[in-house]
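This report refers to the structure that appears directly beneath it.
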Amino acid sequence: MGKKRIKTALIYILLVLWALIVLFPFYWMILTSLKSYSAYNSEYIPKLYTLSPTLQNYVEAFTAVPLGKYLLNTLIFAVCTTAIMVVVSVLAAYAFARLQFRGKNLVFTLFLALMMLPNEMVIITNFVTITNAGLRNSFPGLILPSVMSVFYVYLLKENFEMVPDSLYLAAKVDGTSDLKYLLRVMIPICKPTIITIIILKAIECWNSYVWPRLITDDQNYYLVSNGIQEIRENGFGRENIPAMMAAVVIISIPLIVLFLIFRNKIMSGVLRGGTKG
């Protein structure tokens, strides 16, 4: 009994230490954002506290650059991309899970092989395609290359295949079309996984950096990732780290809130999609 308590205590101690390691960057980010520019630069040895917190950095984060517009652009990008991706992924997953057509297994195998290709290998091809189509510095140019995800299609396919075939056969006997069966049966049953995919894709879009940075050089289409870079390069005319940290806090808040609200659905959806049978 004593050994078990010692083992449990050690596990909790390690978990607490790991939590402190993980959360410390967030604490440092918030702490720095509350320090004034002069106080921050006068610290030869960084302090883990501040006696004179200020919100001036948050004001500067919105006035130095149009951060509000960048947040709106990112919201439009995330919502549109996620909505289109969900529709495409649901239809593709349903086709692979329920429809029968020649060469389905071969097509799906080749489709999964795309997961082995890193995004960096296709980003130049996407750039050339979008540029030739005249879609640079536009929302369609930002959105279109991100509306397909092999992993999410695979996750949904495995989830759809967990639904008993008897439901599908009964629906077909009643004369139900495949589209109606998908909308009325499959989607409601697999709702947790679909919600998980929506949340993960929204977070992915919010954090997107390389593609928006490459395809846009017009400030009207900058996302928050571009905004942080602009703040560093042009926004304050100096290396104002506290104001930069304030901007990062503002940008991070929606993702943190989203994750805290839906963390249980994310875990249950991933586990449900990864477990078959």
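FYI, nothing fancy with the structure tokens labels: chains A, B, ... in order, residues from 1 per chain, ligands from 1 as they appear.
For Trp211 in chain A, the non-local neighbours within 12 Å, defined as residues at least 6 positions apart in the same chain or in other chains and counting only C-alpha atoms, are Asn119, Glu120, Val122, Ile123, Ile124, Thr125, Asn126, Phe127, Ile130, Arg136, Asn137, Gly141, Leu142, Ile143, Leu144, Pro145, Ser146, Glu204, Cys205, Asp217, Tyr222, Leu223, Ser225 and Asn226 of chain A.
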Filtering to N, CA and C atoms, could you give me those residues as an mmCIF file, in the first residue's frame?
```cif
data_model
loop_
_atom_site.group_PDB
_atom_site.id
_atom_site.type_symbol
_atom_site.label_atom_id
_atom_site.label_comp_id
_atom_site.auth_asym_id
_atom_site.auth_seq_id
_atom_site.Cartn_x
_atom_site.Cartn_y
_atom_site.Cartn_z
ATOM 1 N N ASN A 119 3.481 19.179 -46.853
ATOM 2 C CA ASN A 119 2.850 20.327 -47.521
ATOM 3 C C ASN A 119 3.847 21.174 -48.293
ATOM 4 N N GLU A 120 5.096 21.186 -47.807
ATOM 5 C CA GLU A 120 6.113 22.007 -48.471
ATOM 6 C C GLU A 120 6.373 21.555 -49.906
ATOM 7 N N VAL A 122 4.137 20.628 -52.129
ATOM 8 C CA VAL A 122 3.094 21.037 -53.068
ATOM 9 C C VAL A 122 2.810 22.533 -52.999
ATOM 10 N N ILE A 123 3.468 23.225 -52.095
ATOM 11 C CA ILE A 123 3.128 24.641 -51.909
ATOM 12 C C ILE A 123 3.531 25.473 -53.123
ATOM 13 N N ILE A 124 4.642 25.105 -53.783
ATOM 14 C CA ILE A 124 5.051 25.851 -54.988
ATOM 15 C C ILE A 124 4.061 25.608 -56.114
ATOM 16 N N THR A 125 3.616 24.349 -56.263
ATOM 17 C CA THR A 125 2.615 24.036 -57.288
ATOM 18 C C THR A 125 1.328 24.811 -57.037
ATOM 19 N N ASN A 126 0.907 24.854 -55.782
ATOM 20 C CA ASN A 126 -0.294 25.624 -55.446
ATOM 21 C C ASN A 126 -0.099 27.111 -55.735
ATOM 22 N N PHE A 127 1.088 27.607 -55.431
ATOM 23 C CA PHE A 127 1.368 29.018 -55.673
ATOM 24 C C PHE A 127 1.282 29.343 -57.165
ATOM 25 N N ILE A 130 -2.489 29.117 -58.296
ATOM 26 C CA ILE A 130 -3.289 30.255 -57.834
ATOM 27 C C ILE A 130 -2.873 31.533 -58.556
ATOM 28 N N ARG A 136 -4.221 35.661 -56.633
ATOM 29 C CA ARG A 136 -3.369 36.204 -55.568
ATOM 30 C C ARG A 136 -4.041 37.404 -54.917
ATOM 31 N N ASN A 137 -3.752 37.610 -53.630
ATOM 32 C CA ASN A 137 -4.344 38.712 -52.874
ATOM 33 C C ASN A 137 -5.869 38.695 -52.964
ATOM 34 N N GLY A 141 -8.028 32.754 -53.243
ATOM 35 C CA GLY A 141 -6.650 32.286 -53.313
ATOM 36 C C GLY A 141 -6.142 31.764 -51.990
ATOM 37 N N LEU A 142 -6.580 32.372 -50.896
ATOM 38 C CA LEU A 142 -6.211 31.899 -49.576
ATOM 39 C C LEU A 142 -6.906 30.589 -49.224
ATOM 40 N N ILE A 143 -8.175 30.469 -49.626
ATOM 41 C CA ILE A 143 -9.018 29.378 -49.142
ATOM 42 C C ILE A 143 -8.855 28.090 -49.935
ATOM 43 N N LEU A 144 -8.849 28.170 -51.272
ATOM 44 C CA LEU A 144 -8.956 26.977 -52.108
ATOM 45 C C LEU A 144 -7.907 25.892 -51.817
ATOM 46 N N PRO A 145 -6.624 26.218 -51.643
ATOM 47 C CA PRO A 145 -5.650 25.138 -51.401
ATOM 48 C C PRO A 145 -5.822 24.432 -50.050
ATOM 49 N N SER A 146 -6.698 24.949 -49.199
ATOM 50 C CA SER A 146 -6.830 24.389 -47.852
ATOM 51 C C SER A 146 -8.148 23.668 -47.616
ATOM 52 N N GLU A 204 -6.361 25.089 -37.083
ATOM 53 C CA GLU A 204 -5.314 25.025 -38.111
ATOM 54 C C GLU A 204 -5.326 26.276 -38.985
ATOM 55 N N CYS A 205 -6.512 26.727 -39.368
ATOM 56 C CA CYS A 205 -6.618 27.942 -40.197
ATOM 57 C C CYS A 205 -6.158 29.164 -39.425
ATOM 58 N N ASP A 217 0.434 39.838 -50.422
ATOM 59 C CA ASP A 217 1.299 40.964 -50.060
ATOM 60 C C ASP A 217 0.487 42.254 -50.005
ATOM 61 N N TYR A 222 -4.265 40.492 -45.191
ATOM 62 C CA TYR A 222 -3.378 39.922 -44.185
ATOM 63 C C TYR A 222 -4.183 39.199 -43.100
ATOM 64 N N LEU A 223 -3.649 38.079 -42.654
ATOM 65 C CA LEU A 223 -4.203 37.363 -41.513
ATOM 66 C C LEU A 223 -3.398 37.740 -40.273
ATOM 67 N N SER A 225 -1.379 36.021 -38.632
ATOM 68 C CA SER A 225 0.008 35.566 -38.730
ATOM 69 C C SER A 225 0.861 36.593 -39.460
ATOM 70 N N ASN A 226 0.301 37.188 -40.531
ATOM 71 C CA ASN A 226 1.000 38.269 -41.219
ATOM 72 C C ASN A 226 1.101 39.505 -40.333
#
```
In Å to one decimal, how far is CA of Met115 in chain A from CA of Phe151 in chain A?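 CA of Phe151 in chain A sits 7.2 Å away from CA of Met115 in chain A.
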Test item, helix (DSSP H, G or I) assignment across range 61-274 of chain A, answer as a ChimeraX atom specification: /A:61-64,67-98,104-116,119-132,139-146,150-160,165-173,178-189,191-206,210-215,219-221,224-235,241-274
Nearest-residue call for Ala92 in chain A, choices A:Leu156, A:Leu15, A:Ala171, A:Leu112, using only C-alpha atoms: A:Leu156
Can you tell me which residues surround Val185 in chain A at a distance of at most 10 Å, considering only C-alpha atoms, apart from same-chain residues fewer than 3 positions away, and format the answer as an mmCIF file with all heavy atoms, in the first residue's frame?
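The file below, part37.cif, is the result:
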```cif
data_model
loop_
_atom_site.group_PDB
_atom_site.id
_atom_site.type_symbol
_atom_site.label_atom_id
_atom_site.label_comp_id
_atom_site.auth_asym_id
_atom_site.auth_seq_id
_atom_site.Cartn_x
_atom_site.Cartn_y
_atom_site.Cartn_z
ATOM 1 N N VAL A 163 -20.969 2.647 -38.510
ATOM 2 C CA VAL A 163 -22.431 2.595 -38.547
ATOM 3 C C VAL A 163 -22.849 1.265 -39.164
ATOM 4 O O VAL A 163 -22.365 0.893 -40.240
ATOM 5 C CB VAL A 163 -22.996 3.776 -39.362
ATOM 6 C CG1 VAL A 163 -24.520 3.720 -39.409
ATOM 7 C CG2 VAL A 163 -22.526 5.100 -38.765
ATOM 8 N N LEU A 167 -28.588 -0.496 -41.163
ATOM 9 C CA LEU A 167 -29.281 0.785 -41.295
ATOM 10 C C LEU A 167 -29.310 1.244 -42.748
ATOM 11 O O LEU A 167 -30.325 1.752 -43.242
ATOM 12 C CB LEU A 167 -28.609 1.845 -40.423
ATOM 13 C CG LEU A 167 -28.738 1.690 -38.906
ATOM 14 C CD1 LEU A 167 -27.949 2.784 -38.198
ATOM 15 C CD2 LEU A 167 -30.194 1.731 -38.493
ATOM 16 N N TYR A 168 -28.177 1.056 -43.428
ATOM 17 C CA TYR A 168 -28.094 1.472 -44.832
ATOM 18 C C TYR A 168 -29.025 0.623 -45.697
ATOM 19 O O TYR A 168 -29.750 1.145 -46.555
ATOM 20 C CB TYR A 168 -26.656 1.358 -45.318
ATOM 21 C CG TYR A 168 -26.456 1.745 -46.759
ATOM 22 C CD1 TYR A 168 -26.533 3.074 -47.166
ATOM 23 C CD2 TYR A 168 -26.192 0.783 -47.733
ATOM 24 C CE1 TYR A 168 -26.353 3.439 -48.482
ATOM 25 C CE2 TYR A 168 -25.998 1.137 -49.057
ATOM 26 C CZ TYR A 168 -26.087 2.466 -49.436
ATOM 27 O OH TYR A 168 -25.907 2.821 -50.739
ATOM 28 N N ALA A 171 -32.599 1.556 -45.131
ATOM 29 C CA ALA A 171 -32.910 2.832 -45.780
ATOM 30 C C ALA A 171 -33.094 2.656 -47.275
ATOM 31 O O ALA A 171 -33.986 3.271 -47.876
ATOM 32 C CB ALA A 171 -31.798 3.838 -45.489
ATOM 33 N N LEU A 179 -27.969 10.526 -50.575
ATOM 34 C CA LEU A 179 -27.797 11.851 -49.996
ATOM 35 C C LEU A 179 -28.701 12.033 -48.774
ATOM 36 O O LEU A 179 -28.265 12.562 -47.740
ATOM 37 C CB LEU A 179 -28.105 12.923 -51.033
ATOM 38 C CG LEU A 179 -27.930 14.377 -50.566
ATOM 39 C CD1 LEU A 179 -26.487 14.622 -50.111
ATOM 40 C CD2 LEU A 179 -28.323 15.353 -51.671
ATOM 41 N N LYS A 180 -29.941 11.582 -48.876
ATOM 42 C CA LYS A 180 -30.855 11.700 -47.739
ATOM 43 C C LYS A 180 -30.392 10.824 -46.576
ATOM 44 O O LYS A 180 -30.489 11.223 -45.409
ATOM 45 C CB LYS A 180 -32.266 11.308 -48.175
ATOM 46 C CG LYS A 180 -33.336 11.560 -47.114
ATOM 47 C CD LYS A 180 -34.722 11.189 -47.638
ATOM 48 C CE LYS A 180 -35.140 12.127 -48.743
ATOM 49 N NZ LYS A 180 -36.541 11.840 -49.185
ATOM 50 N N TYR A 181 -29.871 9.638 -46.877
ATOM 51 C CA TYR A 181 -29.347 8.753 -45.819
ATOM 52 C C TYR A 181 -28.148 9.399 -45.130
ATOM 53 O O TYR A 181 -28.016 9.341 -43.899
ATOM 54 C CB TYR A 181 -28.943 7.412 -46.428
ATOM 55 C CG TYR A 181 -28.294 6.469 -45.456
ATOM 56 C CD1 TYR A 181 -29.025 5.796 -44.492
ATOM 57 C CD2 TYR A 181 -26.910 6.261 -45.500
ATOM 58 C CE1 TYR A 181 -28.419 4.922 -43.596
ATOM 59 C CE2 TYR A 181 -26.295 5.395 -44.605
ATOM 60 C CZ TYR A 181 -27.058 4.733 -43.659
ATOM 61 O OH TYR A 181 -26.447 3.884 -42.771
ATOM 62 N N LEU A 182 -27.300 10.046 -45.923
ATOM 63 C CA LEU A 182 -26.141 10.730 -45.352
ATOM 64 C C LEU A 182 -26.566 11.850 -44.414
ATOM 65 O O LEU A 182 -26.037 11.985 -43.302
ATOM 66 C CB LEU A 182 -25.267 11.284 -46.479
ATOM 67 C CG LEU A 182 -24.108 12.202 -46.070
ATOM 68 C CD1 LEU A 182 -23.088 11.441 -45.231
ATOM 69 C CD2 LEU A 182 -23.439 12.797 -47.309
ATOM 70 N N PRO A 188 -25.928 12.738 -38.259
ATOM 71 C CA PRO A 188 -26.308 12.797 -36.832
ATOM 72 C C PRO A 188 -25.557 11.779 -35.966
ATOM 73 O O PRO A 188 -25.169 12.094 -34.834
ATOM 74 C CB PRO A 188 -27.810 12.504 -36.856
ATOM 75 C CG PRO A 188 -28.255 12.943 -38.208
ATOM 76 C CD PRO A 188 -27.116 12.599 -39.124
ATOM 77 N N ILE A 189 -25.354 10.567 -36.462
ATOM 78 C CA ILE A 189 -24.658 9.550 -35.672
ATOM 79 C C ILE A 189 -23.195 9.927 -35.472
ATOM 80 O O ILE A 189 -22.627 9.733 -34.387
ATOM 81 C CB ILE A 189 -24.786 8.174 -36.353
ATOM 82 C CG1 ILE A 189 -26.235 7.678 -36.297
ATOM 83 C CG2 ILE A 189 -23.855 7.145 -35.693
ATOM 84 C CD1 ILE A 189 -26.472 6.367 -37.017
ATOM 85 N N CYS A 190 -22.570 10.462 -36.500
ATOM 86 C CA CYS A 190 -21.136 10.782 -36.457
ATOM 87 C C CYS A 190 -20.880 12.249 -36.107
ATOM 88 O O CYS A 190 -19.790 12.769 -36.371
ATOM 89 C CB CYS A 190 -20.492 10.453 -37.803
ATOM 90 S SG CYS A 190 -20.663 8.719 -38.287
#
```
What's the separation between CA of Leu169 in chain A and CA of Ser149 in chain A, in Å to one decimal place? 29.1 Å
Given only C-alpha atoms as the basis, pick out the residue of A:Tyr44, A:Phe262, A:Tyr152, A:Phe139 nearest to Phe77 in chain A.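 Of all the options, A:Phe139 lies closest to Phe77 in chain A.
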With distances taken over only C-alpha atoms, which residue among A:Ala39, A:Leu135, A:Ala243, A:Ala9 lies nearest Gln56 in chain A?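 Among A:Ala39, A:Leu135, A:Ala243, A:Ala9, it is A:Ala243 that comes nearest to Gln56 in chain A.
Every protein or nucleic acid residue with an atom no more than 9 Å from Ala247 in chain A, counting only C-alpha atoms and leaving out same-chain residues fewer than 5 positions away, appears here: Ser33, Asn57, Tyr58, Glu60, Ala61, Phe62, Leu67, Gly227, Ile228, Ile231, Pro242 and Ser252 of chain A.
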A:Tyr70, A:Trp206, A:Tyr40, A:Phe160 ranked by distance to Ala93 in chain A, top pick (using only C-alpha atoms): A:Phe160
As an exercise, work out the distance from CA of Leu110 in chain A to CA of Phe96 in chain A in Å and give it to one decimal place. 12.5 Å
Distance criterion (only C-alpha atoms): nearest to Val150 in chain A out of A:Val90, A:Val128, A:Ala64, A:Ile76: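 For Val150 in chain A, the nearest of the candidates is A:Val90.
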Restricting the calculation to only C-alpha atoms, which member of A:Ile215, A:Leu155, A:Ile198, A:Met121 is positioned closest to Pro140 in chain A?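 Of all the options, A:Ile215 lies closest to Pro140 in chain A.
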So which residues touch Leu255 in chain A within 10 Å, counting only C-alpha atoms, skipping near sequence neighbours fewer than 2 positions away, as a list in words? Ile199, Ala202, Ile203, Glu204, Trp206, Asn207, Ile250, Ile251, Ser252, Ile253, Val257, Leu258, Phe259, Leu260 and Ile261 of chain A
Write a file of the just-selected residues containing N, CA and C atoms, as a CSV table (one decimal), in the first residue's frame.
```csv
chain,number,residue,atom,x,y,z
A,199,ILE,N,-13.5,21.9,-35.3
A,199,ILE,CA,-12.7,22.6,-34.3
A,199,ILE,C,-11.2,22.5,-34.7
A,202,ALA,N,-10.5,24.7,-37.8
A,202,ALA,CA,-10.6,26.1,-37.4
A,202,ALA,C,-9.3,26.6,-36.8
A,203,ILE,N,-8.8,25.7,-35.8
A,203,ILE,CA,-7.5,26.0,-35.2
A,203,ILE,C,-6.3,26.0,-36.2
A,204,GLU,N,-6.4,25.1,-37.1
A,204,GLU,CA,-5.3,25.0,-38.1
A,204,GLU,C,-5.3,26.3,-39.0
A,206,TRP,N,-6.5,29.2,-38.2
A,206,TRP,CA,-6.1,30.4,-37.3
A,206,TRP,C,-4.6,30.5,-37.2
A,207,ASN,N,-4.0,29.3,-37.1
A,207,ASN,CA,-2.5,29.3,-37.0
A,207,ASN,C,-1.7,29.3,-38.3
A,250,ILE,N,-3.8,38.6,-27.6
A,250,ILE,CA,-5.1,38.8,-28.2
A,250,ILE,C,-5.4,37.8,-29.3
A,251,ILE,N,-4.4,37.4,-30.0
A,251,ILE,CA,-4.6,36.4,-31.1
A,251,ILE,C,-4.8,35.0,-30.5
A,252,SER,N,-4.2,34.7,-29.4
A,252,SER,CA,-4.3,33.4,-28.8
A,252,SER,C,-5.6,33.2,-28.1
A,253,ILE,N,-6.2,34.2,-27.6
A,253,ILE,CA,-7.4,34.1,-26.7
A,253,ILE,C,-8.5,33.3,-27.4
A,257,VAL,N,-9.9,29.7,-25.7
A,257,VAL,CA,-11.3,29.6,-25.3
A,257,VAL,C,-12.0,28.5,-26.1
A,258,LEU,N,-11.7,28.4,-27.4
A,258,LEU,CA,-12.3,27.3,-28.2
A,258,LEU,C,-11.9,26.0,-27.7
A,259,PHE,N,-10.6,25.8,-27.4
A,259,PHE,CA,-10.1,24.5,-26.9
A,259,PHE,C,-10.7,24.2,-25.6
A,260,LEU,N,-10.8,25.1,-24.7
A,260,LEU,CA,-11.3,24.8,-23.3
A,260,LEU,C,-12.7,24.4,-23.3
A,261,ILE,N,-13.5,25.0,-24.2
A,261,ILE,CA,-14.9,24.7,-24.3
A,261,ILE,C,-15.2,23.4,-24.9
```
